[in-house]
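Engineer: Here you go, coords_1.cif (mmCIF, C-alpha atoms, pLDDT in the B column; chains and numbers go by the auth columns):
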data_start
#
loop_
_atom_site.group_PDB
_atom_site.id
_atom_site.type_symbol
_atom_site.label_atom_id
_atom_site.label_comp_id
_atom_site.label_asym_id
_atom_site.label_seq_id
_atom_site.Cartn_x
_atom_site.Cartn_y
_atom_site.Cartn_z
_atom_site.B_iso_or_equiv
_atom_site.auth_seq_id
_atom_site.auth_asym_id
ATOM 1 C CA MET A 1 79.742 54.801 -10.947 40.00 1 L
ATOM 2 C CA CYS A 2 79.400 57.806 -8.691 45.00 2 L
ATOM 3 C CA PRO A 3 82.428 59.032 -6.771 53.00 3 L
ATOM 4 C CA PRO A 4 82.265 58.689 -3.015 56.00 4 L
ATOM 5 C CA GLY A 5 80.883 61.506 -0.974 58.00 5 L
ATOM 6 C CA LEU A 6 78.233 64.163 -1.160 61.00 6 L
ATOM 7 C CA ASP A 7 74.989 63.633 -2.964 54.00 7 L
ATOM 8 C CA ARG A 8 75.178 65.903 -5.974 52.00 8 L
ATOM 9 C CA GLU A 9 72.127 65.014 -7.980 55.00 9 L
ATOM 10 C CA GLU A 10 71.623 68.665 -8.893 59.00 10 L
ATOM 11 C CA ASP A 11 75.305 69.130 -9.711 63.00 11 L
ATOM 12 C CA PRO A 12 76.599 67.058 -12.633 81.00 12 L
ATOM 13 C CA LEU A 13 80.171 68.111 -11.897 90.00 13 L
ATOM 14 C CA GLN A 14 82.340 65.672 -9.981 96.00 14 L
ATOM 15 C CA ARG A 15 85.112 67.056 -7.825 98.00 15 L
ATOM 16 C CA ILE A 16 87.818 64.446 -7.421 97.00 16 L
ATOM 17 C CA CYS A 17 90.700 64.416 -4.959 97.00 17 L
ATOM 18 C CA PHE A 18 93.290 61.657 -4.818 96.00 18 L
ATOM 19 C CA MET A 19 96.560 61.158 -2.976 94.00 19 L
ATOM 20 C CA MET A 20 99.756 59.424 -4.028 93.00 20 L
ATOM 21 C CA ARG A 21 103.190 59.225 -2.437 92.00 21 L
ATOM 22 C CA VAL A 22 106.276 59.926 -4.489 94.00 22 L
ATOM 23 C CA ARG A 23 109.614 58.646 -3.240 94.00 23 L
ATOM 24 C CA PRO A 24 111.004 61.512 -1.128 93.00 24 L
ATOM 25 C CA ASP A 25 114.390 61.232 -2.856 95.00 25 L
ATOM 26 C CA ARG A 26 112.660 61.675 -6.235 96.00 26 L
ATOM 27 C CA ALA A 27 110.255 64.468 -5.227 96.00 27 L
ATOM 28 C CA GLU A 28 112.430 67.179 -6.755 96.00 28 L
ATOM 29 C CA GLU A 29 112.490 65.295 -10.053 97.00 29 L
ATOM 30 C CA TYR A 30 108.699 64.862 -9.862 97.00 30 L
ATOM 31 C CA ARG A 31 108.317 68.612 -9.348 97.00 31 L
ATOM 32 C CA ARG A 32 110.652 69.384 -12.234 97.00 32 L
ATOM 33 C CA ARG A 33 108.891 67.024 -14.622 97.00 33 L
ATOM 34 C CA HIS A 34 105.530 68.578 -13.817 97.00 34 L
ATOM 35 C CA ALA A 35 106.783 72.054 -14.587 96.00 35 L
ATOM 36 C CA ASP A 36 107.243 70.838 -18.150 95.00 36 L
ATOM 37 C CA VAL A 37 104.484 68.341 -18.948 97.00 37 L
ATOM 38 C CA TRP A 38 104.454 67.399 -22.643 97.00 38 L
ATOM 39 C CA PRO A 39 101.928 69.454 -24.621 97.00 39 L
ATOM 40 C CA GLU A 40 100.447 66.227 -26.041 98.00 40 L
ATOM 41 C CA MET A 41 99.943 64.937 -22.488 98.00 41 L
ATOM 42 C CA ARG A 42 98.123 68.144 -21.539 98.00 42 L
ATOM 43 C CA ALA A 43 96.012 67.852 -24.693 98.00 43 L
ATOM 44 C CA ALA A 44 95.167 64.232 -23.918 98.00 44 L
ATOM 45 C CA LEU A 45 93.998 65.144 -20.403 98.00 45 L
ATOM 46 C CA GLN A 46 91.797 67.896 -21.758 97.00 46 L
ATOM 47 C CA ALA A 47 90.365 65.634 -24.451 97.00 47 L
ATOM 48 C CA ALA A 48 89.650 63.010 -21.776 97.00 48 L
ATOM 49 C CA GLY A 49 87.625 65.505 -19.722 97.00 49 L
ATOM 50 C CA TRP A 50 90.080 66.409 -16.967 97.00 50 L
ATOM 51 C CA HIS A 51 89.304 70.018 -16.029 97.00 51 L
ATOM 52 C CA ASN A 52 90.724 72.442 -13.462 97.00 52 L
ATOM 53 C CA TYR A 53 93.332 69.785 -12.672 98.00 53 L
ATOM 54 C CA SER A 54 96.074 70.625 -10.181 98.00 54 L
ATOM 55 C CA LEU A 55 98.781 68.602 -8.497 98.00 55 L
ATOM 56 C CA PHE A 56 100.165 69.682 -5.136 98.00 56 L
ATOM 57 C CA LEU A 57 103.323 68.368 -3.468 97.00 57 L
ATOM 58 C CA ALA A 58 103.983 68.178 0.281 94.00 58 L
ATOM 59 C CA GLY A 59 107.428 68.056 1.835 90.00 59 L
ATOM 60 C CA ASP A 60 107.174 64.335 2.651 90.00 60 L
ATOM 61 C CA GLY A 61 106.464 63.373 -0.964 93.00 61 L
ATOM 62 C CA THR A 62 102.698 63.263 -0.634 93.00 62 L
ATOM 63 C CA VAL A 63 101.075 64.297 -3.908 95.00 63 L
ATOM 64 C CA VAL A 64 97.493 65.555 -3.877 97.00 64 L
ATOM 65 C CA GLY A 65 95.550 65.725 -7.123 97.00 65 L
ATOM 66 C CA TYR A 66 92.358 67.734 -7.595 98.00 66 L
ATOM 67 C CA LEU A 67 90.269 67.830 -10.740 98.00 67 L
ATOM 68 C CA GLU A 68 86.759 68.420 -11.948 98.00 68 L
ATOM 69 C CA CYS A 69 85.077 66.224 -14.518 97.00 69 L
ATOM 70 C CA GLU A 70 81.692 64.996 -15.602 96.00 70 L
ATOM 71 C CA ASP A 71 82.475 61.325 -14.953 95.00 71 L
ATOM 72 C CA PHE A 72 85.748 60.297 -13.336 95.00 72 L
ATOM 73 C CA ASP A 73 85.509 56.668 -14.397 94.00 73 L
ATOM 74 C CA ALA A 74 85.099 57.749 -18.010 96.00 74 L
ATOM 75 C CA ALA A 75 87.831 60.415 -17.732 96.00 75 L
ATOM 76 C CA ARG A 76 90.187 57.880 -16.231 95.00 76 L
ATOM 77 C CA SER A 77 89.387 55.204 -18.823 95.00 77 L
ATOM 78 C CA ALA A 78 89.983 57.692 -21.619 96.00 78 L
ATOM 79 C CA MET A 79 93.428 58.467 -20.224 96.00 79 L
ATOM 80 C CA GLU A 80 94.231 54.794 -19.736 94.00 80 L
ATOM 81 C CA ALA A 81 93.559 54.329 -23.460 95.00 81 L
ATOM 82 C CA ALA A 82 95.788 57.258 -24.474 97.00 82 L
ATOM 83 C CA GLU A 83 99.131 56.192 -25.919 97.00 83 L
ATOM 84 C CA VAL A 84 100.879 59.328 -24.660 98.00 84 L
ATOM 85 C CA ASN A 85 99.718 58.512 -21.117 96.00 85 L
ATOM 86 C CA ALA A 86 101.307 55.065 -21.293 96.00 86 L
ATOM 87 C CA ARG A 87 104.604 56.741 -22.205 97.00 87 L
ATOM 88 C CA TRP A 88 104.221 59.361 -19.462 96.00 88 L
ATOM 89 C CA GLN A 89 103.293 56.857 -16.749 94.00 89 L
ATOM 90 C CA THR A 90 106.212 54.625 -17.695 93.00 90 L
ATOM 91 C CA GLU A 91 108.536 57.534 -17.008 94.00 91 L
ATOM 92 C CA MET A 92 106.815 58.252 -13.681 93.00 92 L
ATOM 93 C CA VAL A 93 106.967 54.656 -12.344 92.00 93 L
ATOM 94 C CA PRO A 94 110.548 54.909 -10.959 92.00 94 L
ATOM 95 C CA LEU A 95 109.544 57.955 -8.892 94.00 95 L
ATOM 96 C CA PHE A 96 107.045 55.881 -6.894 91.00 96 L
ATOM 97 C CA ASP A 97 107.099 52.741 -4.752 86.00 97 L
ATOM 98 C CA LEU A 98 104.153 50.950 -6.284 84.00 98 L
ATOM 99 C CA ASP A 99 105.327 47.377 -6.828 78.00 99 L
ATOM 100 C CA GLY A 100 105.286 47.904 -10.564 73.00 100 L
ATOM 101 C CA ARG A 101 101.825 49.448 -10.844 82.00 101 L
ATOM 102 C CA ARG A 102 101.514 52.658 -12.835 83.00 102 L
ATOM 103 C CA PRO A 103 100.989 55.749 -10.664 85.00 103 L
ATOM 104 C CA ASP A 104 97.640 56.408 -12.337 84.00 104 L
ATOM 105 C CA GLU A 105 96.470 52.953 -11.236 83.00 105 L
ATOM 106 C CA ALA A 106 97.066 54.002 -7.620 80.00 106 L
ATOM 107 C CA MET A 107 94.652 56.956 -7.770 86.00 107 L
ATOM 108 C CA VAL A 108 91.967 56.292 -5.174 84.00 108 L
ATOM 109 C CA PRO A 109 89.453 59.107 -4.835 93.00 109 L
ATOM 110 C CA LEU A 110 88.904 60.436 -1.332 95.00 110 L
ATOM 111 C CA GLU A 111 85.397 61.024 -0.033 96.00 111 L
ATOM 112 C CA GLU A 112 84.158 64.579 -0.438 97.00 112 L
ATOM 113 C CA ILE A 113 82.502 65.502 2.858 97.00 113 L
ATOM 114 C CA PHE A 114 81.917 69.251 2.392 97.00 114 L
ATOM 115 C CA HIS A 115 81.470 71.637 -0.464 97.00 115 L
ATOM 116 C CA LEU A 116 80.794 75.351 -0.733 97.00 116 L
ATOM 117 C CA ASP A 117 80.448 76.983 -4.131 94.00 117 L
ATOM 118 C CA MET B 1 102.332 86.980 0.223 40.00 118 X
ATOM 119 C CA CYS B 2 102.045 84.643 -2.723 45.00 119 X
ATOM 120 C CA PRO B 3 101.165 81.016 -2.119 53.00 120 X
ATOM 121 C CA PRO B 4 103.871 78.496 -2.898 56.00 121 X
ATOM 122 C CA GLY B 5 104.057 77.023 -6.332 58.00 122 X
ATOM 123 C CA LEU B 6 103.429 77.937 -9.909 61.00 123 X
ATOM 124 C CA ASP B 7 103.966 81.407 -11.205 55.00 124 X
ATOM 125 C CA ARG B 8 100.523 82.708 -11.982 52.00 125 X
ATOM 126 C CA GLU B 9 101.092 86.331 -12.854 55.00 126 X
ATOM 127 C CA GLU B 10 98.453 86.120 -15.580 59.00 127 X
ATOM 128 C CA ASP B 11 96.039 84.295 -13.303 64.00 128 X
ATOM 129 C CA PRO B 12 94.862 86.218 -10.246 81.00 129 X
ATOM 130 C CA LEU B 13 93.135 83.142 -8.855 90.00 130 X
ATOM 131 C CA GLN B 14 94.958 81.209 -6.170 96.00 131 X
ATOM 132 C CA ARG B 15 94.302 77.498 -5.885 98.00 132 X
ATOM 133 C CA ILE B 16 95.014 76.363 -2.324 97.00 133 X
ATOM 134 C CA CYS B 17 95.384 72.837 -1.027 97.00 134 X
ATOM 135 C CA PHE B 18 96.053 71.998 2.611 96.00 135 X
ATOM 136 C CA MET B 19 96.155 68.809 4.663 94.00 136 X
ATOM 137 C CA MET B 20 95.157 68.135 8.235 93.00 137 X
ATOM 138 C CA ARG B 21 94.818 64.932 10.234 92.00 138 X
ATOM 139 C CA VAL B 22 91.715 64.282 12.261 94.00 139 X
ATOM 140 C CA ARG B 23 91.868 61.714 15.062 94.00 140 X
ATOM 141 C CA PRO B 24 90.862 58.429 13.407 93.00 141 X
ATOM 142 C CA ASP B 25 88.440 57.659 16.234 95.00 142 X
ATOM 143 C CA ARG B 26 86.710 61.008 15.609 96.00 143 X
ATOM 144 C CA ALA B 27 86.690 60.886 11.798 96.00 144 X
ATOM 145 C CA GLU B 28 83.056 59.750 11.654 96.00 145 X
ATOM 146 C CA GLU B 29 82.050 62.690 13.847 97.00 146 X
ATOM 147 C CA TYR B 30 84.082 65.046 11.635 97.00 147 X
ATOM 148 C CA ARG B 31 82.258 63.717 8.556 97.00 148 X
ATOM 149 C CA ARG B 32 78.870 64.073 10.232 97.00 149 X
ATOM 150 C CA ARG B 33 79.548 67.633 11.367 97.00 150 X
ATOM 151 C CA HIS B 34 80.583 68.644 7.858 97.00 151 X
ATOM 152 C CA ALA B 35 77.371 67.304 6.375 96.00 152 X
ATOM 153 C CA ASP B 36 75.612 69.966 8.429 95.00 153 X
ATOM 154 C CA VAL B 37 77.847 73.040 8.608 97.00 154 X
ATOM 155 C CA TRP B 38 76.007 75.993 10.168 97.00 155 X
ATOM 156 C CA PRO B 39 74.549 78.327 7.532 97.00 156 X
ATOM 157 C CA GLU B 40 76.264 81.297 9.218 98.00 157 X
ATOM 158 C CA MET B 41 79.612 79.476 8.956 98.00 158 X
ATOM 159 C CA ARG B 42 79.039 78.899 5.221 98.00 159 X
ATOM 160 C CA ALA B 43 78.060 82.553 4.826 98.00 160 X
ATOM 161 C CA ALA B 44 81.188 83.694 6.683 98.00 161 X
ATOM 162 C CA LEU B 45 83.422 81.605 4.395 98.00 162 X
ATOM 163 C CA GLN B 46 81.786 83.065 1.306 97.00 163 X
ATOM 164 C CA ALA B 47 82.047 86.603 2.656 97.00 164 X
ATOM 165 C CA ALA B 48 85.727 85.964 3.416 97.00 165 X
ATOM 166 C CA GLY B 49 86.399 84.972 -0.192 97.00 166 X
ATOM 167 C CA TRP B 50 86.561 81.171 0.079 97.00 167 X
ATOM 168 C CA HIS B 51 85.275 79.823 -3.254 97.00 168 X
ATOM 169 C CA ASN B 52 84.825 76.318 -4.678 97.00 169 X
ATOM 170 C CA TYR B 53 85.860 75.001 -1.267 98.00 170 X
ATOM 171 C CA SER B 54 85.785 71.244 -0.685 98.00 171 X
ATOM 172 C CA LEU B 55 86.958 69.004 2.135 98.00 172 X
ATOM 173 C CA PHE B 56 87.891 65.395 1.422 98.00 173 X
ATOM 174 C CA LEU B 57 88.422 62.665 4.028 97.00 174 X
ATOM 175 C CA ALA B 58 90.700 59.632 3.673 94.00 175 X
ATOM 176 C CA GLY B 59 90.294 56.425 5.647 90.00 176 X
ATOM 177 C CA ASP B 60 93.243 57.187 7.928 90.00 177 X
ATOM 178 C CA GLY B 61 91.792 60.522 9.056 93.00 178 X
ATOM 179 C CA THR B 62 93.708 62.659 6.573 93.00 179 X
ATOM 180 C CA VAL B 63 91.643 65.681 5.580 95.00 180 X
ATOM 181 C CA VAL B 64 92.435 67.482 2.331 97.00 181 X
ATOM 182 C CA GLY B 65 91.044 70.943 1.728 97.00 182 X
ATOM 183 C CA TYR B 66 90.876 72.624 -1.672 98.00 183 X
ATOM 184 C CA LEU B 67 89.678 76.145 -2.337 98.00 184 X
ATOM 185 C CA GLU B 68 90.043 79.001 -4.760 98.00 185 X
ATOM 186 C CA CYS B 69 90.470 82.587 -3.664 97.00 186 X
ATOM 187 C CA GLU B 70 91.984 85.852 -4.723 96.00 187 X
ATOM 188 C CA ASP B 71 94.342 86.081 -1.746 95.00 188 X
ATOM 189 C CA PHE B 72 94.611 83.205 0.739 95.00 189 X
ATOM 190 C CA ASP B 73 96.283 85.293 3.435 94.00 190 X
ATOM 191 C CA ALA B 74 93.416 87.785 3.272 96.00 191 X
ATOM 192 C CA ALA B 75 90.768 85.039 3.083 96.00 192 X
ATOM 193 C CA ARG B 76 92.293 83.313 6.069 95.00 193 X
ATOM 194 C CA SER B 77 92.613 86.513 8.102 95.00 194 X
ATOM 195 C CA ALA B 78 88.981 87.356 7.400 96.00 195 X
ATOM 196 C CA MET B 79 87.914 83.972 8.753 96.00 196 X
ATOM 197 C CA GLU B 80 90.167 84.321 11.785 94.00 197 X
ATOM 198 C CA ALA B 81 88.314 87.541 12.593 95.00 198 X
ATOM 199 C CA ALA B 82 84.870 85.940 12.203 97.00 199 X
ATOM 200 C CA GLU B 83 83.122 85.246 15.512 97.00 200 X
ATOM 201 C CA VAL B 84 81.269 82.250 14.076 98.00 201 X
ATOM 202 C CA ASN B 85 84.579 80.693 13.049 96.00 202 X
ATOM 203 C CA ALA B 86 85.913 80.943 16.605 96.00 203 X
ATOM 204 C CA ARG B 87 82.836 79.015 17.774 97.00 204 X
ATOM 205 C CA TRP B 88 83.180 76.455 14.973 96.00 205 X
ATOM 206 C CA GLN B 89 86.894 75.878 15.496 94.00 206 X
ATOM 207 C CA THR B 90 86.401 75.485 19.247 93.00 207 X
ATOM 208 C CA GLU B 91 84.030 72.604 18.509 94.00 208 X
ATOM 209 C CA MET B 92 86.514 71.055 16.062 93.00 209 X
ATOM 210 C CA VAL B 93 89.539 71.161 18.414 92.00 210 X
ATOM 211 C CA PRO B 94 88.734 67.878 20.223 92.00 211 X
ATOM 212 C CA LEU B 95 88.635 66.033 16.883 94.00 212 X
ATOM 213 C CA PHE B 96 92.323 66.815 16.248 91.00 213 X
ATOM 214 C CA ASP B 97 95.637 66.260 18.008 86.00 214 X
ATOM 215 C CA LEU B 98 97.029 69.753 17.733 84.00 215 X
ATOM 216 C CA ASP B 99 98.393 70.572 21.190 78.00 216 X
ATOM 217 C CA GLY B 100 95.645 73.108 21.714 73.00 217 X
ATOM 218 C CA ARG B 101 96.000 74.928 18.398 82.00 218 X
ATOM 219 C CA ARG B 102 92.837 75.525 16.399 83.00 219 X
ATOM 220 C CA PRO B 103 92.559 73.312 13.304 84.00 220 X
ATOM 221 C CA ASP B 104 92.528 76.377 11.049 84.00 221 X
ATOM 222 C CA GLU B 105 95.890 77.420 12.490 83.00 222 X
ATOM 223 C CA ALA B 106 97.341 74.127 11.247 80.00 223 X
ATOM 224 C CA MET B 107 96.465 74.785 7.591 86.00 224 X
ATOM 225 C CA VAL B 108 99.740 74.806 5.674 84.00 225 X
ATOM 226 C CA PRO B 109 99.285 75.220 1.910 93.00 226 X
ATOM 227 C CA LEU B 110 101.005 72.633 -0.238 95.00 227 X
ATOM 228 C CA GLU B 111 103.013 73.654 -3.259 96.00 228 X
ATOM 229 C CA GLU B 112 101.079 73.599 -6.529 97.00 229 X
ATOM 230 C CA ILE B 113 103.379 71.964 -9.088 97.00 230 X
ATOM 231 C CA PHE B 114 101.005 71.442 -12.027 97.00 231 X
ATOM 232 C CA HIS B 115 97.840 73.016 -13.347 97.00 232 X
ATOM 233 C CA LEU B 116 95.668 72.451 -16.378 97.00 233 X
ATOM 234 C CA ASP B 117 92.579 74.574 -16.930 94.00 234 X
#
In structure tokens, how does this file's structure come out?

Structural biologist:
Amino acid sequence: MCPPGLDREEDPLQRICFMMRVRPDRAEEYRRRHADVWPEMRAALQAAGWHNYSLFLAGDGTVVGYLECEDFDAARSAMEAAEVNARWQTEMVPLFDLDGRRPDEAMVPLEEIFHLD
Amino acid sequence: MCPPGLDREEDPLQRICFMMRVRPDRAEEYRRRHADVWPEMRAALQAAGWHNYSLFLAGDGTVVGYLECEDFDAARSAMEAAEVNARWQTEMVPLFDLDGRRPDEAMVPLEEIFHLD
């Protein structure tokens, strides 16, 4: 499935942006945890095709993710199958209000409406 | 001035993310305008050092911008000095609720808390 947004037939790279909301009272813990992501979690992301991946945190707890990949559905499925990701997401759940869903299940890509190389 | 976030002494590239909110009733117009940004506006951004620049639009009118640059303060100042940008921003003002400020004056970088190449 193609991500929403610009037609990029000539450009096989997908640029993905998603937003999540961390509980404001847990934002500092979220920041701290992401300064020290497990090496095996980083390796799993890379193996799953997540490239140039950044997370940004706003003062109200909004988290913005940006990454580049060849196929976000495939990159996401590969992470969902990674055992280390299950462990990581389990530790992240209490930092979010998601009615029990894992944070990575709440990643909804935004529509890309402009791009300039 | 350094952008907020990760220490990147070894990495001269700054990754910038900012959020804005377009008026929901004008979001469709904002999308349409960004499908057809003036060539001279695109050229001015490139000349000002805005690279790999994308805008993403959420259903509630939230706009997320992502770009890479060597120095965001310098890249931003260069755009502020560009005549074409003044014309562009003037046309964007009615799409936002910003008490008369230009949309580009409301760009506040978020803190980058994680990065994976």

Engineer: Dump as a PDB file with C-alpha atoms, keeping the file's coordinate frame the residues of chain L that approach chain X to within 10 Å, counting all atoms listed in the file.

Structural biologist:
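To be explicit, this is the file written out as out_22.pdb:
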ATOM      1  CA  PRO L   4      82.265  58.689  -3.015  1.00 56.00           C
ATOM      2  CA  GLY L   5      80.883  61.506  -0.974  1.00 58.00           C
ATOM      3  CA  LEU L   6      78.233  64.163  -1.160  1.00 61.00           C
ATOM      4  CA  ARG L  15      85.112  67.056  -7.825  1.00 98.00           C
ATOM      5  CA  ILE L  16      87.818  64.446  -7.421  1.00 97.00           C
ATOM      6  CA  CYS L  17      90.700  64.416  -4.959  1.00 97.00           C
ATOM      7  CA  PHE L  18      93.290  61.657  -4.818  1.00 96.00           C
ATOM      8  CA  MET L  19      96.560  61.158  -2.976  1.00 94.00           C
ATOM      9  CA  TYR L  30     108.699  64.862  -9.862  1.00 97.00           C
ATOM     10  CA  ARG L  31     108.317  68.612  -9.348  1.00 97.00           C
ATOM     11  CA  ARG L  32     110.652  69.384 -12.234  1.00 97.00           C
ATOM     12  CA  ARG L  33     108.891  67.024 -14.622  1.00 97.00           C
ATOM     13  CA  HIS L  34     105.530  68.578 -13.817  1.00 97.00           C
ATOM     14  CA  ALA L  35     106.783  72.054 -14.587  1.00 96.00           C
ATOM     15  CA  ASP L  36     107.243  70.838 -18.150  1.00 95.00           C
ATOM     16  CA  VAL L  37     104.484  68.341 -18.948  1.00 97.00           C
ATOM     17  CA  ARG L  42      98.123  68.144 -21.539  1.00 98.00           C
ATOM     18  CA  ALA L  43      96.012  67.852 -24.693  1.00 98.00           C
ATOM     19  CA  LEU L  45      93.998  65.144 -20.403  1.00 98.00           C
ATOM     20  CA  GLN L  46      91.797  67.896 -21.758  1.00 97.00           C
ATOM     21  CA  TRP L  50      90.080  66.409 -16.967  1.00 97.00           C
ATOM     22  CA  HIS L  51      89.304  70.018 -16.029  1.00 97.00           C
ATOM     23  CA  ASN L  52      90.724  72.442 -13.462  1.00 97.00           C
ATOM     24  CA  TYR L  53      93.332  69.785 -12.672  1.00 98.00           C
ATOM     25  CA  SER L  54      96.074  70.625 -10.181  1.00 98.00           C
ATOM     26  CA  LEU L  55      98.781  68.602  -8.497  1.00 98.00           C
ATOM     27  CA  PHE L  56     100.165  69.682  -5.136  1.00 98.00           C
ATOM     28  CA  LEU L  57     103.323  68.368  -3.468  1.00 97.00           C
ATOM     29  CA  ALA L  58     103.983  68.178   0.281  1.00 94.00           C
ATOM     30  CA  GLY L  59     107.428  68.056   1.835  1.00 90.00           C
ATOM     31  CA  THR L  62     102.698  63.263  -0.634  1.00 93.00           C
ATOM     32  CA  VAL L  63     101.075  64.297  -3.908  1.00 95.00           C
ATOM     33  CA  VAL L  64      97.493  65.555  -3.877  1.00 97.00           C
ATOM     34  CA  GLY L  65      95.550  65.725  -7.123  1.00 97.00           C
ATOM     35  CA  TYR L  66      92.358  67.734  -7.595  1.00 98.00           C
ATOM     36  CA  LEU L  67      90.269  67.830 -10.740  1.00 98.00           C
ATOM     37  CA  GLU L  68      86.759  68.420 -11.948  1.00 98.00           C
ATOM     38  CA  VAL L 108      91.967  56.292  -5.174  1.00 84.00           C
ATOM     39  CA  PRO L 109      89.453  59.107  -4.835  1.00 93.00           C
ATOM     40  CA  LEU L 110      88.904  60.436  -1.332  1.00 95.00           C
ATOM     41  CA  GLU L 111      85.397  61.024  -0.033  1.00 96.00           C
ATOM     42  CA  GLU L 112      84.158  64.579  -0.438  1.00 97.00           C
ATOM     43  CA  ILE L 113      82.502  65.502   2.858  1.00 97.00           C
ATOM     44  CA  PHE L 114      81.917  69.251   2.392  1.00 97.00           C
ATOM     45  CA  HIS L 115      81.470  71.637  -0.464  1.00 97.00           C
ATOM     46  CA  LEU L 116      80.794  75.351  -0.733  1.00 97.00           C
ATOM     47  CA  ASP L 117      80.448  76.983  -4.131  1.00 94.00           C
TER      48      ASP L 117
END

Engineer: Can you superpose chain L onto chain X by least squares over all C-alpha atoms paired in order and give the moved copy as a compact mmCIF listing (two decimals) with C-alpha atoms, keeping the file's coordinate frame?

Structural biologist:
# COMPACT_ATOMS: atom_id res chain seq x y z
CA MET L 1 102.20 86.99 0.17
CA CYS L 2 101.96 84.62 -2.76
CA PRO L 3 101.13 80.98 -2.13
CA PRO L 4 103.87 78.50 -2.91
CA GLY L 5 104.06 76.99 -6.34
CA LEU L 6 103.44 77.92 -9.92
CA ASP L 7 104.00 81.39 -11.22
CA ARG L 8 100.54 82.70 -11.99
CA GLU L 9 101.11 86.31 -12.85
CA GLU L 10 98.47 86.11 -15.57
CA ASP L 11 96.05 84.26 -13.30
CA PRO L 12 94.86 86.22 -10.25
CA LEU L 13 93.14 83.14 -8.85
CA GLN L 14 94.96 81.21 -6.16
CA ARG L 15 94.30 77.50 -5.87
CA ILE L 16 95.01 76.37 -2.33
CA CYS L 17 95.39 72.83 -1.03
CA PHE L 18 96.06 72.01 2.61
CA MET L 19 96.16 68.82 4.65
CA MET L 20 95.16 68.15 8.24
CA ARG L 21 94.83 64.94 10.23
CA VAL L 22 91.71 64.27 12.25
CA ARG L 23 91.87 61.72 15.04
CA PRO L 24 90.87 58.43 13.38
CA ASP L 25 88.45 57.66 16.22
CA ARG L 26 86.71 61.01 15.60
CA ALA L 27 86.69 60.88 11.78
CA GLU L 28 83.06 59.76 11.64
CA GLU L 29 82.05 62.69 13.83
CA TYR L 30 84.09 65.04 11.62
CA ARG L 31 82.27 63.71 8.56
CA ARG L 32 78.89 64.08 10.24
CA ARG L 33 79.56 67.64 11.36
CA HIS L 34 80.58 68.65 7.86
CA ALA L 35 77.37 67.31 6.38
CA ASP L 36 75.60 69.96 8.42
CA VAL L 37 77.83 73.05 8.60
CA TRP L 38 76.01 76.01 10.16
CA PRO L 39 74.54 78.34 7.53
CA GLU L 40 76.26 81.31 9.22
CA MET L 41 79.60 79.49 8.94
CA ARG L 42 79.02 78.91 5.22
CA ALA L 43 78.06 82.57 4.82
CA ALA L 44 81.17 83.70 6.67
CA LEU L 45 83.41 81.61 4.40
CA GLN L 46 81.78 83.07 1.32
CA ALA L 47 82.04 86.61 2.66
CA ALA L 48 85.73 85.98 3.42
CA GLY L 49 86.40 84.96 -0.19
CA TRP L 50 86.58 81.17 0.09
CA HIS L 51 85.29 79.83 -3.23
CA ASN L 52 84.84 76.33 -4.67
CA TYR L 53 85.88 75.00 -1.26
CA SER L 54 85.79 71.25 -0.68
CA LEU L 55 86.97 69.01 2.13
CA PHE L 56 87.89 65.40 1.43
CA LEU L 57 88.43 62.67 4.03
CA ALA L 58 90.71 59.64 3.68
CA GLY L 59 90.30 56.43 5.63
CA ASP L 60 93.25 57.19 7.93
CA GLY L 61 91.80 60.53 9.04
CA THR L 62 93.72 62.66 6.58
CA VAL L 63 91.64 65.68 5.58
CA VAL L 64 92.44 67.48 2.33
CA GLY L 65 91.05 70.95 1.74
CA TYR L 66 90.89 72.63 -1.67
CA LEU L 67 89.68 76.14 -2.33
CA GLU L 68 90.05 78.99 -4.75
CA CYS L 69 90.46 82.58 -3.65
CA GLU L 70 91.99 85.85 -4.72
CA ASP L 71 94.35 86.08 -1.74
CA PHE L 72 94.62 83.22 0.74
CA ASP L 73 96.28 85.29 3.44
CA ALA L 74 93.43 87.78 3.29
CA ALA L 75 90.77 85.04 3.10
CA ARG L 76 92.30 83.31 6.08
CA SER L 77 92.61 86.52 8.11
CA ALA L 78 88.98 87.36 7.41
CA MET L 79 87.92 83.98 8.76
CA GLU L 80 90.17 84.31 11.80
CA ALA L 81 88.31 87.54 12.60
CA ALA L 82 84.87 85.95 12.21
CA GLU L 83 83.13 85.25 15.51
CA VAL L 84 81.25 82.26 14.10
CA ASN L 85 84.58 80.70 13.06
CA ALA L 86 85.91 80.95 16.61
CA ARG L 87 82.84 79.02 17.79
CA TRP L 88 83.17 76.45 14.99
CA GLN L 89 86.90 75.89 15.51
CA THR L 90 86.40 75.47 19.25
CA GLU L 91 84.04 72.61 18.51
CA MET L 92 86.51 71.06 16.06
CA VAL L 93 89.55 71.16 18.40
CA PRO L 94 88.74 67.87 20.22
CA LEU L 95 88.64 66.03 16.88
CA PHE L 96 92.32 66.82 16.24
CA ASP L 97 95.64 66.25 18.00
CA LEU L 98 97.03 69.75 17.73
CA ASP L 99 98.38 70.56 21.19
CA GLY L 100 95.63 73.09 21.70
CA ARG L 101 95.99 74.94 18.41
CA ARG L 102 92.84 75.53 16.39
CA PRO L 103 92.57 73.31 13.30
CA ASP L 104 92.52 76.38 11.05
CA GLU L 105 95.89 77.42 12.49
CA ALA L 106 97.34 74.12 11.24
CA MET L 107 96.46 74.78 7.59
CA VAL L 108 99.73 74.80 5.67
CA PRO L 109 99.30 75.21 1.93
CA LEU L 110 101.00 72.62 -0.24
CA GLU L 111 103.01 73.67 -3.27
CA GLU L 112 101.08 73.59 -6.53
CA ILE L 113 103.38 71.96 -9.08
CA PHE L 114 101.01 71.46 -12.03
CA HIS L 115 97.85 73.02 -13.33
CA LEU L 116 95.67 72.44 -16.37
CA ASP L 117 92.59 74.56 -16.93

Engineer: By how many Å are atom CA of Arg138 of chain X and atom CA of Val22 of chain L apart?

Structural biologist: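 According to the coordinates, atom CA of Arg138 of chain X and atom CA of Val22 of chain L are separated by 19.3 Å.
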